[in-house]
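Pasted below: coords.cif, mmCIF, C-alpha atoms.
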```cif
data_start
loop_
_atom_site.label_atom_id
_atom_site.label_comp_id
_atom_site.auth_asym_id
_atom_site.auth_seq_id
_atom_site.Cartn_x
_atom_site.Cartn_y
_atom_site.Cartn_z
CA MET A 1 0.00 0.00 0.00
CA ARG A 2 1.46 3.33 -1.06
CA GLU A 3 1.90 5.81 1.76
CA VAL A 4 1.37 8.89 -0.39
CA ARG A 5 -2.08 9.22 -1.87
CA LYS A 6 -2.79 11.39 -4.84
CA GLY A 7 -4.65 14.52 -3.82
CA MET A 8 -8.35 15.03 -4.36
CA LEU A 9 -9.81 17.94 -6.29
CA LEU A 10 -13.13 18.66 -4.61
CA VAL A 11 -15.50 20.84 -6.61
CA ILE A 12 -18.37 22.25 -4.58
CA SER A 13 -21.03 24.09 -6.51
CA GLY A 14 -24.70 24.97 -6.49
CA PRO A 15 -27.00 27.90 -7.04
CA SER A 16 -26.42 31.19 -5.28
CA GLY A 17 -28.17 30.92 -1.92
CA ALA A 18 -27.79 27.13 -1.62
CA GLY A 19 -25.34 27.66 1.24
CA LYS A 20 -22.19 26.25 -0.32
CA GLY A 21 -19.99 28.99 1.14
CA THR A 22 -20.88 28.00 4.71
CA LEU A 23 -20.21 24.31 4.08
CA TYR A 24 -16.99 25.14 2.26
CA GLY A 25 -15.74 27.33 5.11
CA LYS A 26 -16.50 24.70 7.75
CA LEU A 27 -14.69 21.98 5.83
CA LEU A 28 -11.66 24.18 5.28
CA ARG A 29 -11.47 24.89 9.02
CA ASP A 30 -11.99 21.28 10.12
CA ASP A 31 -9.97 19.29 7.59
CA PRO A 32 -6.25 20.08 7.64
CA THR A 33 -5.73 18.08 4.44
CA MET A 34 -7.89 20.54 2.49
CA THR A 35 -6.34 23.54 0.86
CA PHE A 36 -7.99 26.54 -0.67
CA SER A 37 -7.42 27.58 -4.26
CA VAL A 38 -7.07 31.35 -4.52
CA SER A 39 -8.86 32.63 -7.63
CA TYR A 40 -7.67 35.38 -9.93
CA ALA A 41 -9.90 38.45 -10.28
CA THR A 42 -9.63 41.52 -12.46
CA ARG A 43 -11.74 43.72 -10.20
CA SER A 44 -10.36 45.92 -7.42
CA PRO A 45 -10.15 44.56 -3.86
CA ARG A 46 -13.15 45.42 -1.69
CA PRO A 47 -12.56 46.81 1.79
CA GLY A 48 -11.15 44.03 3.97
CA GLU A 49 -10.07 41.86 1.05
CA VAL A 50 -6.40 40.93 0.96
CA ASP A 51 -4.51 40.38 -2.28
CA GLY A 52 -3.23 36.80 -2.42
CA ARG A 53 -5.57 35.62 0.32
CA ASP A 54 -9.09 36.37 -0.94
CA TYR A 55 -8.11 36.72 -4.58
CA ASP A 56 -5.05 37.30 -6.66
CA PHE A 57 -5.98 40.69 -8.04
CA VAL A 58 -4.55 41.13 -11.52
CA ASP A 59 -5.17 43.48 -14.41
CA GLU A 60 -7.07 42.48 -17.52
CA GLU A 61 -3.90 42.18 -19.57
CA LYS A 62 -2.30 39.69 -17.20
CA PHE A 63 -5.58 37.76 -17.01
CA GLN A 64 -5.88 37.51 -20.79
CA ARG A 65 -2.27 36.38 -21.05
CA MET A 66 -3.09 33.53 -18.66
CA VAL A 67 -6.17 32.67 -20.72
CA ALA A 68 -4.00 32.55 -23.85
CA GLU A 69 -1.51 30.27 -22.08
CA ASP A 70 -4.31 27.94 -20.95
CA GLY A 71 -3.46 28.92 -17.40
CA PHE A 72 -6.98 28.51 -15.97
CA LEU A 73 -8.94 25.42 -15.03
CA GLU A 74 -12.02 27.60 -15.49
CA TYR A 75 -12.77 31.24 -15.87
CA ALA A 76 -15.82 33.41 -16.33
CA ALA A 77 -16.94 36.99 -16.71
CA VAL A 78 -19.23 38.35 -13.99
CA HIS A 79 -20.53 41.91 -14.18
CA GLY A 80 -17.75 42.94 -16.55
CA HIS A 81 -14.92 41.48 -14.47
CA HIS A 82 -13.04 38.24 -14.96
CA TYR A 83 -12.53 35.51 -12.40
CA GLY A 84 -10.53 32.34 -12.87
CA THR A 85 -9.04 29.32 -11.10
CA PRO A 86 -5.33 29.11 -11.93
CA ARG A 87 -4.28 25.67 -13.09
CA GLN A 88 -0.68 25.44 -11.91
CA PRO A 89 -1.04 25.78 -8.11
CA VAL A 90 -3.92 23.28 -8.17
CA MET A 91 -1.94 20.73 -10.18
CA GLU A 92 1.10 21.13 -7.93
CA ALA A 93 -0.91 20.67 -4.75
CA LEU A 94 -2.60 17.53 -6.13
CA ALA A 95 0.72 16.07 -7.24
CA ASN A 96 2.03 16.63 -3.69
CA GLY A 97 -0.87 14.63 -2.26
CA GLN A 98 -2.75 17.67 -0.96
CA ASN A 99 -6.49 17.95 -1.38
CA VAL A 100 -7.79 21.08 -3.06
CA MET A 101 -11.29 22.45 -2.70
CA LEU A 102 -12.95 24.76 -5.20
CA ASP A 103 -16.10 26.69 -4.37
CA ILE A 104 -17.26 27.82 -7.78
CA ASP A 105 -20.41 28.72 -9.64
CA PRO A 106 -22.04 25.95 -11.69
CA GLN A 107 -20.76 27.39 -14.97
CA GLY A 108 -17.15 27.14 -13.74
CA ALA A 109 -17.78 23.78 -12.09
CA LEU A 110 -18.83 22.22 -15.38
CA GLN A 111 -15.63 23.52 -17.01
CA VAL A 112 -13.51 21.96 -14.26
CA MET A 113 -15.42 18.66 -14.41
CA GLU A 114 -14.70 18.43 -18.15
CA ARG A 115 -11.02 19.24 -17.81
CA MET A 116 -10.39 17.25 -14.64
CA PRO A 117 -12.51 14.08 -14.97
CA GLY A 118 -10.94 12.67 -11.80
CA CYS A 119 -12.35 15.47 -9.66
CA VAL A 120 -14.99 14.91 -6.98
CA SER A 121 -18.06 17.02 -7.75
CA VAL A 122 -20.74 17.92 -5.23
CA PHE A 123 -23.84 19.91 -6.09
CA ILE A 124 -25.45 21.67 -3.13
CA LEU A 125 -29.20 21.96 -3.49
CA PRO A 126 -31.50 24.28 -1.61
CA PRO A 127 -34.47 22.34 -0.17
CA SER A 128 -36.84 24.16 -2.57
CA PHE A 129 -37.04 27.18 -4.84
CA ALA A 130 -39.33 28.83 -2.28
CA GLU A 131 -36.63 28.42 0.37
CA LEU A 132 -33.99 29.69 -2.04
CA ARG A 133 -36.07 32.84 -2.61
CA ARG A 134 -36.46 33.28 1.15
CA ARG A 135 -32.68 32.99 1.66
CA LEU A 136 -31.81 35.40 -1.14
CA GLU A 137 -34.39 37.92 0.13
CA GLY A 138 -33.16 37.47 3.71
CA ARG A 139 -29.64 38.55 2.77
CA HIS A 140 -30.87 42.11 2.08
CA THR A 141 -27.85 42.56 -0.12
CA GLU A 142 -29.39 42.04 -3.52
CA GLN A 143 -31.90 44.17 -5.39
CA ARG A 144 -35.19 42.58 -6.41
CA GLU A 145 -34.07 42.35 -10.02
CA GLU A 146 -30.86 40.59 -9.00
CA ILE A 147 -32.81 38.14 -6.84
CA GLU A 148 -35.10 37.29 -9.76
CA ARG A 149 -32.08 36.83 -12.00
CA ARG A 150 -30.44 34.48 -9.50
CA LEU A 151 -33.63 32.45 -9.09
CA HIS A 152 -33.92 32.18 -12.85
CA ASN A 153 -30.29 31.03 -13.09
CA ALA A 154 -30.84 28.54 -10.26
CA ARG A 155 -33.52 26.72 -12.28
CA GLY A 156 -31.09 26.24 -15.16
CA GLU A 157 -28.31 25.16 -12.81
CA VAL A 158 -30.47 22.64 -10.95
CA ALA A 159 -31.50 21.16 -14.31
CA GLN A 160 -27.86 20.17 -14.78
CA MET A 161 -27.33 18.64 -11.36
CA ASN A 162 -27.18 15.14 -12.83
CA ARG A 163 -23.73 16.01 -14.18
CA TYR A 164 -22.31 16.05 -10.64
CA GLN A 165 -21.25 12.90 -8.81
CA TYR A 166 -22.93 13.81 -5.53
CA LEU A 167 -26.08 15.72 -4.64
CA LEU A 168 -26.49 17.25 -1.23
CA ILE A 169 -29.70 18.92 -0.09
CA ASN A 170 -28.83 21.74 2.27
CA ASP A 171 -31.98 21.67 4.36
CA ASP A 172 -30.31 21.51 7.75
CA VAL A 173 -26.79 22.91 7.58
CA ASP A 174 -25.38 20.65 10.31
CA ALA A 175 -26.77 17.50 8.68
CA ALA A 176 -25.58 18.64 5.24
CA TYR A 177 -22.13 19.32 6.64
CA GLU A 178 -21.91 15.86 8.23
CA THR A 179 -22.80 14.31 4.89
CA LEU A 180 -20.25 16.47 3.08
CA LYS A 181 -17.61 15.25 5.54
CA ASP A 182 -18.72 11.66 4.86
CA ILE A 183 -18.24 12.25 1.13
CA VAL A 184 -14.74 13.60 1.72
CA SER A 185 -13.89 10.75 4.08
CA ALA A 186 -15.15 8.16 1.58
CA GLU A 187 -13.36 9.76 -1.34
CA LYS A 188 -10.07 9.60 0.54
CA GLN A 189 -10.46 5.79 0.45
CA ARG A 190 -10.86 5.64 -3.34
CA SER A 191 -8.44 3.17 -4.83
CA VAL A 192 -7.60 5.71 -7.56
CA ARG A 193 -5.82 7.76 -4.89
CA TYR A 194 -3.51 4.82 -4.25
CA PHE A 195 -3.29 3.77 -7.90
CA PRO A 196 -3.37 7.05 -9.84
CA GLU A 197 -2.56 5.31 -13.12
CA MET A 198 -6.12 3.92 -13.10
CA GLU A 199 -7.63 7.33 -13.36
CA ASP A 200 -9.14 8.37 -16.65
CA MET B 201 -35.69 15.70 -6.87
CA ARG B 202 -36.99 12.16 -6.97
CA GLU B 203 -38.11 10.82 -3.62
CA VAL B 204 -37.26 7.22 -4.37
CA ARG B 205 -33.60 6.52 -4.85
CA LYS B 206 -32.37 3.46 -6.62
CA GLY B 207 -30.89 0.97 -4.20
CA MET B 208 -27.17 0.44 -3.75
CA LEU B 209 -25.45 -2.90 -4.17
CA LEU B 210 -22.58 -2.84 -1.69
CA VAL B 211 -19.93 -5.49 -2.25
CA ILE B 212 -17.60 -5.99 0.68
CA SER B 213 -14.66 -8.26 0.14
CA GLY B 214 -11.11 -8.94 1.23
CA PRO B 215 -8.86 -11.77 2.24
CA SER B 216 -9.92 -14.26 4.87
CA GLY B 217 -8.91 -12.74 8.21
CA ALA B 218 -9.19 -9.11 7.08
CA GLY B 219 -12.21 -8.71 9.37
CA LYS B 220 -14.90 -8.06 6.79
CA GLY B 221 -17.45 -10.20 8.63
CA THR B 222 -17.30 -7.99 11.73
CA LEU B 223 -17.69 -4.78 9.71
CA TYR B 224 -20.48 -6.33 7.67
CA GLY B 225 -22.38 -7.44 10.77
CA LYS B 226 -22.10 -4.02 12.43
CA LEU B 227 -23.37 -2.22 9.34
CA LEU B 228 -26.28 -4.59 8.97
CA ARG B 229 -27.28 -3.95 12.59
CA ASP B 230 -26.89 -0.16 12.44
CA ASP B 231 -28.26 0.72 9.01
CA PRO B 232 -31.92 -0.16 8.55
CA THR B 233 -31.71 0.57 4.81
CA MET B 234 -29.26 -2.33 4.37
CA THR B 235 -30.54 -5.77 3.59
CA PHE B 236 -28.75 -9.06 3.60
CA SER B 237 -28.56 -11.32 0.59
CA VAL B 238 -28.96 -14.95 1.61
CA SER B 239 -26.62 -17.16 -0.40
CA TYR B 240 -27.38 -20.59 -1.78
CA ALA B 241 -25.26 -23.49 -0.53
CA THR B 242 -25.14 -27.14 -1.51
CA ARG B 243 -23.62 -28.33 1.75
CA SER B 244 -25.62 -29.45 4.79
CA PRO B 245 -26.53 -26.96 7.52
CA ARG B 246 -24.08 -26.86 10.41
CA PRO B 247 -25.41 -26.97 13.98
CA GLY B 248 -27.18 -23.68 14.68
CA GLU B 249 -27.55 -22.70 11.03
CA VAL B 250 -31.09 -22.03 9.87
CA ASP B 251 -32.23 -22.72 6.31
CA GLY B 252 -33.33 -19.47 4.67
CA ARG B 253 -31.56 -17.32 7.24
CA ASP B 254 -27.89 -18.31 7.09
CA TYR B 255 -28.11 -19.96 3.68
CA ASP B 256 -30.69 -21.34 1.35
CA PHE B 257 -29.60 -24.96 1.46
CA VAL B 258 -30.30 -26.66 -1.85
CA ASP B 259 -29.14 -29.85 -3.53
CA GLU B 260 -26.61 -29.92 -6.34
CA GLU B 261 -29.30 -30.52 -8.97
CA LYS B 262 -31.25 -27.41 -8.02
CA PHE B 263 -28.01 -25.39 -7.84
CA GLN B 264 -26.94 -26.47 -11.32
CA ARG B 265 -30.39 -25.67 -12.71
CA MET B 266 -29.98 -22.12 -11.35
CA VAL B 267 -26.51 -21.90 -12.90
CA ALA B 268 -27.96 -22.98 -16.25
CA GLU B 269 -30.70 -20.35 -15.96
CA ASP B 270 -28.12 -17.63 -15.17
CA GLY B 271 -29.71 -17.35 -11.77
CA PHE B 272 -26.58 -16.31 -9.86
CA LEU B 273 -24.74 -13.01 -9.68
CA GLU B 274 -21.72 -15.07 -8.69
CA TYR B 275 -21.00 -18.59 -7.59
CA ALA B 276 -18.01 -20.64 -6.63
CA ALA B 277 -16.95 -24.08 -5.49
CA VAL B 278 -15.33 -24.29 -2.05
CA HIS B 279 -14.13 -27.64 -0.69
CA GLY B 280 -16.39 -29.56 -3.06
CA HIS B 281 -19.54 -27.59 -2.27
CA HIS B 282 -21.18 -24.81 -4.26
CA TYR B 283 -22.12 -21.37 -2.98
CA GLY B 284 -23.87 -18.65 -4.95
CA THR B 285 -25.60 -15.27 -4.70
CA PRO B 286 -29.04 -15.53 -6.29
CA ARG B 287 -29.72 -12.78 -8.79
CA GLN B 288 -33.49 -12.30 -8.55
CA PRO B 289 -33.90 -11.24 -4.88
CA VAL B 290 -31.01 -8.80 -5.22
CA MET B 291 -32.45 -7.21 -8.37
CA GLU B 292 -35.89 -6.93 -6.80
CA ALA B 293 -34.57 -5.28 -3.65
CA LEU B 294 -32.52 -2.76 -5.66
CA ALA B 295 -35.49 -1.94 -7.89
CA ASN B 296 -37.52 -1.24 -4.72
CA GLY B 297 -34.90 1.24 -3.54
CA GLN B 298 -33.45 -1.06 -0.87
CA ASN B 299 -29.73 -1.32 -0.38
CA VAL B 300 -28.22 -4.78 -0.54
CA MET B 301 -24.92 -5.79 1.00
CA LEU B 302 -22.85 -8.77 -0.13
CA ASP B 303 -20.02 -10.15 1.97
CA ILE B 304 -18.20 -12.35 -0.49
CA ASP B 305 -14.77 -13.71 -1.23
CA PRO B 306 -12.65 -11.78 -3.75
CA GLN B 307 -13.28 -14.33 -6.50
CA GLY B 308 -17.05 -13.80 -6.21
CA ALA B 309 -16.66 -10.06 -5.75
CA LEU B 310 -14.88 -9.71 -9.09
CA GLN B 311 -17.71 -11.63 -10.78
CA VAL B 312 -20.32 -9.30 -9.26
CA MET B 313 -18.30 -6.19 -10.16
CA GLU B 314 -18.20 -7.32 -13.79
CA ARG B 315 -21.90 -8.10 -13.97
CA MET B 316 -23.11 -5.14 -11.91
CA PRO B 317 -20.86 -2.21 -12.89
CA GLY B 318 -23.02 0.15 -10.81
CA CYS B 319 -22.18 -1.65 -7.57
CA VAL B 320 -20.14 -0.09 -4.79
CA SER B 321 -17.06 -2.21 -4.11
CA VAL B 322 -15.00 -2.05 -0.94
CA PHE B 323 -11.86 -4.08 -0.37
CA ILE B 324 -10.95 -4.62 3.28
CA LEU B 325 -7.24 -4.88 3.84
CA PRO B 326 -5.46 -6.27 6.85
CA PRO B 327 -2.77 -3.85 8.11
CA SER B 328 -0.03 -6.29 7.05
CA PHE B 329 0.51 -9.90 6.09
CA ALA B 330 2.16 -10.47 9.47
CA GLU B 331 -1.01 -9.24 11.20
CA LEU B 332 -3.13 -11.39 8.88
CA ARG B 333 -1.11 -14.44 9.91
CA ARG B 334 -1.52 -13.50 13.57
CA ARG B 335 -5.30 -13.24 13.15
CA LEU B 336 -5.65 -16.50 11.27
CA GLU B 337 -3.49 -18.30 13.84
CA GLY B 338 -5.42 -16.66 16.69
CA ARG B 339 -8.70 -18.15 15.49
CA HIS B 340 -7.50 -21.66 16.37
CA THR B 341 -10.03 -22.98 13.85
CA GLU B 342 -7.77 -23.64 10.90
CA GLN B 343 -5.00 -26.18 10.48
CA ARG B 344 -1.51 -24.92 9.67
CA GLU B 345 -1.84 -26.04 6.07
CA GLU B 346 -5.12 -24.16 5.71
CA ILE B 347 -3.57 -21.02 7.23
CA GLU B 348 -0.70 -21.16 4.74
CA ARG B 349 -3.18 -21.64 1.90
CA ARG B 350 -5.20 -18.61 3.03
CA LEU B 351 -2.09 -16.46 3.35
CA HIS B 352 -1.01 -17.51 -0.12
CA ASN B 353 -4.47 -16.66 -1.50
CA ALA B 354 -4.42 -13.32 0.33
CA ARG B 355 -1.35 -12.22 -1.60
CA GLY B 356 -3.09 -12.89 -4.89
CA GLU B 357 -6.26 -11.16 -3.71
CA VAL B 358 -4.44 -8.07 -2.46
CA ALA B 359 -2.69 -7.82 -5.83
CA GLN B 360 -6.12 -7.23 -7.37
CA MET B 361 -7.31 -4.60 -4.90
CA ASN B 362 -7.00 -1.83 -7.51
CA ARG B 363 -10.13 -3.28 -9.16
CA TYR B 364 -12.25 -2.13 -6.21
CA GLN B 365 -13.56 1.41 -5.85
CA TYR B 366 -12.64 1.78 -2.19
CA LEU B 367 -9.82 0.42 -0.06
CA LEU B 368 -10.18 0.21 3.68
CA ILE B 369 -7.35 -0.82 5.98
CA ASN B 370 -8.78 -2.66 8.95
CA ASP B 371 -6.14 -1.71 11.49
CA ASP B 372 -8.49 -0.45 14.18
CA VAL B 373 -11.95 -1.98 13.77
CA ASP B 374 -13.83 1.04 15.17
CA ALA B 375 -12.01 3.46 12.89
CA ALA B 376 -12.48 1.16 9.90
CA TYR B 377 -16.17 0.87 10.69
CA GLU B 378 -16.60 4.65 10.88
CA THR B 379 -14.98 4.96 7.47
CA LEU B 380 -17.17 2.20 6.04
CA LYS B 381 -20.22 4.09 7.31
CA ASP B 382 -18.86 7.26 5.64
CA ILE B 383 -18.57 5.37 2.36
CA VAL B 384 -22.17 4.17 2.63
CA SER B 385 -23.38 7.66 3.61
CA ALA B 386 -21.53 9.24 0.69
CA GLU B 387 -22.72 6.64 -1.79
CA LYS B 388 -26.33 7.34 -0.82
CA GLN B 389 -25.79 10.88 -2.15
CA ARG B 390 -24.60 9.72 -5.57
CA SER B 391 -26.55 11.41 -8.30
CA VAL B 392 -26.91 8.04 -10.10
CA ARG B 393 -29.27 7.00 -7.31
CA TYR B 394 -31.55 9.88 -8.23
CA PHE B 395 -30.98 9.56 -11.98
CA PRO B 396 -30.59 5.83 -12.56
CA GLU B 397 -30.64 6.22 -16.35
CA MET B 398 -27.12 7.70 -16.07
CA GLU B 399 -25.69 4.45 -14.81
CA ASP B 400 -23.52 2.46 -17.15
#
```
Could you render the structure as structure tokens?
Amino acid sequence: MREVRKGMLLVISGPSGAGKGTLYGKLLRDDPTMTFSVSYATRSPRPGEVDGRDYDFVDEEKFQRMVAEDGFLEYAAVHGHHYGTPRQPVMEALANGQNVMLDIDPQGALQVMERMPGCVSVFILPPSFAELRRRLEGRHTEQREEIERRLHNARGEVAQMNRYQYLLINDDVDAAYETLKDIVSAEKQRSVRYFPEMED
Amino acid sequence: MREVRKGMLLVISGPSGAGKGTLYGKLLRDDPTMTFSVSYATRSPRPGEVDGRDYDFVDEEKFQRMVAEDGFLEYAAVHGHHYGTPRQPVMEALANGQNVMLDIDPQGALQVMERMPGCVSVFILPPSFAELRRRLEGRHTEQREEIERRLHNARGEVAQMNRYQYLLINDDVDAAYETLKDIVSAEKQRSVRYFPEMED
């Protein structure tokens, strides 16, 4: 039995308001084997955000150079700014046996799943669209129009949930978190992590 | 989201002495969604064994008729007797959304994995061959020759462990059991159980 396992790329996604950020944060705190992939962003840091911790803030030129060099596992434009997951630090961490977690929107998640077929993909579902609306409205951070847009997007995203390996209904956050930990625990036992040559 | 999930066929295997029986028994007691597949056997019941509970005891003629009708998911000859896992009750339970657990020798496990590619396969490993020898000798039930035969078989079986989805080292039985429960919990969240048409 090999002592060093190949790292796991854990892709957590789901509609805005499904609660993936909370689950992601808990797992990152509790599981010392999990590392965080810092995304690139072309927007300016918001107050409190630290360059290199929250995002790697880069200008559009640098971002486009990375796109041209196939330097991203996924990238997307949101409200006129670009965001992307850099490929190299993720690949290095995995090769070193570290596990890497990505908390990305469903559009980015599908890109990663295509490029990294060995990744572990988890789709976080809200218990219902009514509950999703309640959560988005409860945040008091989005305008009505933005809420409607997110709800509309959520329907399209949920329609694609069969492309993920695992589905997790975030009804009760503690129960959902326990199940997420079970998924991570189980995936650490995958024989592909001991025999990476099997992986497709 | 569908309410009824498709059942899971959980195949637990490993060398004799790896401790799969203990793990299997605990899971069957603790998880009410798990059902037990009663094997067919052509030998006579031993004292304390109940027909239909421990095995379905049948004669060789009936067993061979079932073989001819492709009635077994797997079968094997052990010490001149035949043992087999009947196909129909397993398929019915899975179709009804029940989970079915099989505790079978590696030879049978590989047969099931080939015929049921959607099954969940877990290989239980002893911590070392030295520990496996200690366990087999500690049982005081096998003759020296039989112990050597089992140790020899174990080496061949362990060489094929990369054909299983999950590997579980049974060093500490409580820890191994927790991880086995994590695997079952995670596998219940597989999107294929909600969207069975995806399964290969």
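Between chain A and chain B, which have the same sequence, the C-alpha root-mean-square deviation after superposition works out to 0.0 Å.
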| Quick one: which residues from chain A are at most 7 Å off chain B, using only C-alpha atoms, as JSON, numbers by chain? | {"A": [162, 164, 165, 166, 167, 168, 179, 182, 183, 185, 186, 189, 190, 191, 195]}
Could the residues in this selection be written to a file with C-alpha atoms, as a short mmCIF file (atom, residue, chain, number, x, y, z; two decimals), keeping the file's coordinate frame?
```cif
data_model
loop_
_atom_site.label_atom_id
_atom_site.label_comp_id
_atom_site.auth_asym_id
_atom_site.auth_seq_id
_atom_site.Cartn_x
_atom_site.Cartn_y
_atom_site.Cartn_z
CA ASN A 162 -27.18 15.14 -12.83
CA TYR A 164 -22.31 16.05 -10.64
CA GLN A 165 -21.25 12.90 -8.81
CA TYR A 166 -22.93 13.81 -5.53
CA LEU A 167 -26.08 15.72 -4.64
CA LEU A 168 -26.49 17.25 -1.23
CA THR A 179 -22.80 14.31 4.89
CA ASP A 182 -18.72 11.66 4.86
CA ILE A 183 -18.24 12.25 1.13
CA SER A 185 -13.89 10.75 4.08
CA ALA A 186 -15.15 8.16 1.58
CA GLN A 189 -10.46 5.79 0.45
CA ARG A 190 -10.86 5.64 -3.34
CA SER A 191 -8.44 3.17 -4.83
CA PHE A 195 -3.29 3.77 -7.90
#
```
Set out as JSON lines a contact list for segment 274-357 of chain B and segment 212-227 of chain B with a cut-off of 9 Å, giving each residue of segment 274-357 of chain B that qualifies its closest atom pair and distance in Å to one decimal, counting all atoms listed in the file, ordered by chain and rising residue number.
```
{"residue": "B:Met301", "atom": "CA", "partner": "B:Ile212", "partner_atom": "CA", "distance": 7.3}
{"residue": "B:Leu302", "atom": "CA", "partner": "B:Ile212", "partner_atom": "CA", "distance": 6.0}
{"residue": "B:Asp303", "atom": "CA", "partner": "B:Ile212", "partner_atom": "CA", "distance": 5.0}
{"residue": "B:Ile304", "atom": "CA", "partner": "B:Ser213", "partner_atom": "CA", "distance": 5.4}
{"residue": "B:Asp305", "atom": "CA", "partner": "B:Ser213", "partner_atom": "CA", "distance": 5.6}
{"residue": "B:Pro306", "atom": "CA", "partner": "B:Ser213", "partner_atom": "CA", "distance": 5.6}
{"residue": "B:Gly308", "atom": "CA", "partner": "B:Ser213", "partner_atom": "CA", "distance": 8.8}
{"residue": "B:Ala309", "atom": "CA", "partner": "B:Ser213", "partner_atom": "CA", "distance": 6.5}
{"residue": "B:Val320", "atom": "CA", "partner": "B:Ile212", "partner_atom": "CA", "distance": 8.4}
{"residue": "B:Ser321", "atom": "CA", "partner": "B:Ile212", "partner_atom": "CA", "distance": 6.1}
{"residue": "B:Val322", "atom": "CA", "partner": "B:Ile212", "partner_atom": "CA", "distance": 5.0}
{"residue": "B:Phe323", "atom": "CA", "partner": "B:Ser213", "partner_atom": "CA", "distance": 5.1}
{"residue": "B:Ile324", "atom": "CA", "partner": "B:Gly214", "partner_atom": "CA", "distance": 4.8}
{"residue": "B:Leu325", "atom": "CA", "partner": "B:Ala218", "partner_atom": "CA", "distance": 5.7}
{"residue": "B:Pro326", "atom": "CA", "partner": "B:Ala218", "partner_atom": "CA", "distance": 4.7}
{"residue": "B:Pro327", "atom": "CA", "partner": "B:Ala218", "partner_atom": "CA", "distance": 8.4}
{"residue": "B:Leu332", "atom": "CA", "partner": "B:Gly217", "partner_atom": "CA", "distance": 6.0}
{"residue": "B:Arg333", "atom": "CA", "partner": "B:Gly217", "partner_atom": "CA", "distance": 8.2}
{"residue": "B:Arg335", "atom": "CA", "partner": "B:Gly217", "partner_atom": "CA", "distance": 6.1}
{"residue": "B:Leu336", "atom": "CA", "partner": "B:Gly217", "partner_atom": "CA", "distance": 5.8}
{"residue": "B:Arg350", "atom": "CA", "partner": "B:Ser216", "partner_atom": "CA", "distance": 6.7}
{"residue": "B:Leu351", "atom": "CA", "partner": "B:Ser216", "partner_atom": "CA", "distance": 8.3}
{"residue": "B:Asn353", "atom": "CA", "partner": "B:Pro215", "partner_atom": "CA", "distance": 7.6}
{"residue": "B:Ala354", "atom": "CA", "partner": "B:Pro215", "partner_atom": "CA", "distance": 5.1}
{"residue": "B:Arg355", "atom": "CA", "partner": "B:Pro215", "partner_atom": "CA", "distance": 8.4}
{"residue": "B:Glu357", "atom": "CA", "partner": "B:Pro215", "partner_atom": "CA", "distance": 6.5}
```
Write the selection just made, keeping C-alpha atoms, as a PDB file, in the frame of the given file?
```pdb
ATOM      1  CA  MET B 301     -24.920  -5.790   1.000  1.00  0.00           C
ATOM      2  CA  LEU B 302     -22.850  -8.770  -0.130  1.00  0.00           C
ATOM      3  CA  ASP B 303     -20.020 -10.150   1.970  1.00  0.00           C
ATOM      4  CA  ILE B 304     -18.200 -12.350  -0.490  1.00  0.00           C
ATOM      5  CA  ASP B 305     -14.770 -13.710  -1.230  1.00  0.00           C
ATOM      6  CA  PRO B 306     -12.650 -11.780  -3.750  1.00  0.00           C
ATOM      7  CA  GLY B 308     -17.050 -13.800  -6.210  1.00  0.00           C
ATOM      8  CA  ALA B 309     -16.660 -10.060  -5.750  1.00  0.00           C
ATOM      9  CA  VAL B 320     -20.140  -0.090  -4.790  1.00  0.00           C
ATOM     10  CA  SER B 321     -17.060  -2.210  -4.110  1.00  0.00           C
ATOM     11  CA  VAL B 322     -15.000  -2.050  -0.940  1.00  0.00           C
ATOM     12  CA  PHE B 323     -11.860  -4.080  -0.370  1.00  0.00           C
ATOM     13  CA  ILE B 324     -10.950  -4.620   3.280  1.00  0.00           C
ATOM     14  CA  LEU B 325      -7.240  -4.880   3.840  1.00  0.00           C
ATOM     15  CA  PRO B 326      -5.460  -6.270   6.850  1.00  0.00           C
ATOM     16  CA  PRO B 327      -2.770  -3.850   8.110  1.00  0.00           C
ATOM     17  CA  LEU B 332      -3.130 -11.390   8.880  1.00  0.00           C
ATOM     18  CA  ARG B 333      -1.110 -14.440   9.910  1.00  0.00           C
ATOM     19  CA  ARG B 335      -5.300 -13.240  13.150  1.00  0.00           C
ATOM     20  CA  LEU B 336      -5.650 -16.500  11.270  1.00  0.00           C
ATOM     21  CA  ARG B 350      -5.200 -18.610   3.030  1.00  0.00           C
ATOM     22  CA  LEU B 351      -2.090 -16.460   3.350  1.00  0.00           C
ATOM     23  CA  ASN B 353      -4.470 -16.660  -1.500  1.00  0.00           C
ATOM     24  CA  ALA B 354      -4.420 -13.320   0.330  1.00  0.00           C
ATOM     25  CA  ARG B 355      -1.350 -12.220  -1.600  1.00  0.00           C
ATOM     26  CA  GLU B 357      -6.260 -11.160  -3.710  1.00  0.00           C
TER      27      GLU B 357
END
```
**OP:** Write out as an NGL selection string each polymer residue whose atoms come within 12 Å of Gln64 of chain A, counting all atoms listed in the file; drop sequence neighbours fewer than 4 positions from it.
**Re:** :A and (40-42 or 58-60 or 68-72 or 75-77 or 81-84)
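Between atom CA of Phe236 of chain B and atom CA of Val211 of chain B the separation is 11.2 Å.
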(message) Under the rule that all atoms listed in the file are counted, which of B:Gly252, B:Gly207, B:Ala330, B:Tyr377 is the nearest residue to Met291 of chain B?
(response)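 Closest candidate: B:Gly207.
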### Query
For the atom pair atom CA of Arg344 of chain B and atom CA of Gly356 of chain B, what is the interatomic distance in Å to one decimal place?
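Distance between the two atoms: 19.0 Å.
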Students should find that atom CA of Glu314 of chain B and atom CA of Leu273 of chain B are spaced 9.6 Å
Do you know which residues the PyMOL selection byres ((chain B and resi 238) around 6) returns on this file, as a PyMOL selection string? chain B and resi 237+239+255
